[in-house]
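All remarks here apply to the structure that follows.
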Amino acid sequence: MTDPTSTVLALLDADMGSQRATGEDNSADHAPYILLADPAASAADLAEKWLARCGIPSRSFRNGEDALNACLKQRPTLALINASMMVSNGHPLFSVLKREAASRDIPIIALCNNPREAREALQAGVTDVVRKPVEWHIISRRAEMVCRTVSLKHQLTVTREALQAAEKKAASTRRHLVAMSDTDPLTGLLAVGKFRELLARALVNDDEVVLFIIGLERFALINEAFGRDKADRVLTLVGKRLREILVRRDLHAPGCNSVLAGCAAKMDSVRFGIFMPHNGQPEHLQAIRNALTETLAEPVNVDGKTVYLTSSIGGAVAPRDGSTAPVVIQNAERAMLGVKKRGGGFDFHREHAGLSSARFLELDFWLREAVDSGELKVAYQPLVNLWNNRIVGAEALLRWHREPGGNISPAEFIPVAERSGIVVQIGDFVIDTACKQLRRWLDNGRHDMRMAINLSLAQLRRGNVIESAEKAIDKYELEPQLLEFELSERGAIGNDPKIMRQLHQLKALGVRLSLDDFGTGDTSIEYLKRLPIDVLKLDRSYISGALENGVDAVIASALVGLARNMNLTVIAEGVESKEQYELLRSWGCHLYQGFYCSPAVFGDAFERLIDDQEDSSSQEQRV
């Protein structure tokens with residue numbers, strides 16, 4: 001196993017190696033040291049005294065020119081500057097620092113003697129102003145907060161660089177595979193013959209593989225409107241997007257055959273194919289599907305004009321839908337042609353050809369009756385405290401058992417609900433049912449329980465989640481902070497002002513907000529600055545790979561540290577073993593969920609889990 005310490009150094013310092021080789025060192029940019037520029041000796045004494053109590057080193061200067069040279073030579077984390085402090089050219093020190101490229105981003109707190117100085121300092125762009133006489137015990141606390149913010153930004157940058165390094169490594173592996181294969185000269189994807197050959201190899205050992213055939217709709221219009229060359233550029237862009245999907249870390253689920261890297265090809269003039277290893281779980285299949293549809297739906301720019309691509313996508317899963325490459329491709333093409341007849345969209349191959357649309361209408365009809373008939377139920381997966389191994393909450397998960405026919409996977413019926421619009425009704429049912437169950441647990445003495453409820457992007461766009469949450473809170477007399485709404489759609493939430501407003505309204509109710517799949521890309525990190533979240537759920541791909549992959553362990557531990565510094569609760573998903581449990585404790589995670597404790601169970605069984613846990617704790621105490 002790779003030594004974690006050496007991996008940390010190799011990964012996080014990779015992008016700074018060339019700077020060390022040339023003698024450059026930017027570590028001082030983030031060192032926790034504060035510069036004080038004030039002509040009064042008494043001010044320096046008081047400042048050093050209070051800053052020292054907060055554990056922050058400081059350097060004092062009574063001359064503006066000396067302070068300027070110190071800032072340019074070794075950047076401070078924060079500068080406390082008397083507004084009357086001048087440099088040799090007669091300009092205020094704070095003004096010169098904000099103009100100099102090497103120092104303009106240094107946080108500055110100006111110590112002002114009067115309103116005029118405060119106004120001039122703010123106009124110059126300082127971070128904050130303070131009127132004299134200065135209360136150093138207050139300023140020292142403010143300085144400490146600024147230093148922590150700077151340190152957090154640095155940690156965020158380092159974490160992003162680590163993620164980018166891992167993604168570059170995966171992309172390099174993919175490029176190497178393409179270089180060794182027969183390729184399409186326009187897009188750089190595999191040619192159809194090589195694609196079929198590699199798919200056949202993947203199916204030799206009965207490995208689970210998901211295949212998609214993608215047909216671009218109305219492409220002849222793009223060709224006619226912009227010409228062949230520009231239309232070819234659009235095809236090249238589609239190829240690039242498919243390659244990006246292949247190297248996405250969040251789509252490489254645990255249990256997949258790591259030898260199968262996945263491939264994409266240009267099948268003919270306007271059709272593409274892509275296959276990836278699949279772990280047999282509906283959630284993984286849904287994640288790949290969502291990534292594909294969302295990526296292809298993004299607009300492209302042609303000659304300064306925005307063009308929206310429309311596609312018909314058919315999917316097939318091997319060996320369920322065929323054990324040979326020709327059969328699997330044929331079944332995916334059938335599904336694609338069925339979607340094409342309906343004007344575009346997405347569908348998987350069904351066991352009996354031609355029933356795709358019938359199956360959709362069937363599920364649509366059944367779903368409209370399922371809530372009232374009692375077929376839809378809510379199961380609960382425990383949220384467990386990593387430090388005392390006690391169950392402290394649950395995540396509400398929708399389940400559907402229909403007679404006859406048995407269980408219907410959420411990966412199959414949730415997309416139907418979203419497309420038909422009844423996801424709003426189903427979402428309201430889940431919120432009400434989960435809150436009712438929480439009320440029952442509280443009445444039974446489970447006072448430390450909380451409930452996590454998933455929200456889909458379709459709910460936020462079409463429904464009135466705020467009203468549903470308020471109604472349930474009032475109906476069951478719940479404390480809002482016991483509810484946690486989990487955002488399960490990545491990549492689009494932060495770009496939609498309507499959704500952002502709803503999230504802030506939810507936050508105003510007093511409920512907690514959770515961000516799922518954290519750590520799977522730069523977008524998740526960007527959300528930290530925009531979303532009003534309280535909880536981060538560490539993606540299960542890091543948990544499953546952390547014990548074997550030093551890079552996964554490094555990145556995951558860094559993400560946990562980042563979240564803890566932001567005072568966010570960290571939940572690890574998909575914990576399946578004691579080794580993973582102990583590793584998460586060493587990182588400082590707060591909670592976990594996964595089969596190591598229990599799969600999702602219904603309400604009564606959940607209470608028995610808690611009772612069994614309490615009985616075990618009592619026996620341990622007696623021993």
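Ordered as shown in the structure tokens, chains take letters A, B, and onward, while each chain numbers its residues from 1 and ligands are numbered from 1 in the order shown.
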**Study point:** All residues 12 Å or closer to range 497-509 of chain A, only C-alpha atoms, same chain fewer than 4 positions away omitted, as a PyMOL selection string
**Key:** chain A and resi 455-474+478-487+489+492-493+513-515+527+530-534
Excluding range 221-224 of chain A and any residue of its chain fewer than 5 positions from it, enumerate the residues within 10 Å of it, using only C-alpha atoms, and give them as a ChimeraX atom specification. /A:229-232,234,302,307,309
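Residue nearest Ala118 in chain A, chosen from A:Leu591, A:Ala83, A:Val146, A:Val371 and counting only C-alpha atoms: A:Ala83.
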Using only C-alpha atoms, which residues sit within 8 Å of range 327-333 of chain A once same-chain residues fewer than 6 positions away are excluded, as a PyMOL selection string? chain A and resi 211-213+314-318+321+348-349
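Residue nearest Arg241 in chain A, chosen from A:Met449, A:Ala143, A:Leu122, A:Val300 and counting only C-alpha atoms: A:Val300.
Considering the residues A:Gly188, A:Pro115, A:Gly322, A:Gly510 and counting only C-alpha atoms, Leu203 in chain A has its shortest atom-to-atom contact with A:Gly322.
A straight line drawn from CA of Leu198 in chain A to CA of Val247 in chain A is 17.2 Å long.
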Next on the checklist: as number ranges by chain, please: every residue in range 121-214 of chain A that a backbone DSSP assignment puts in alpha helix (DSSP H).
Outcome noted: A: 121-124, 136-179, 192-203
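Atom pair CA of Leu292 in chain A / CA of Val378 in chain A has a distance of 28.6 Å (rounded to one decimal).
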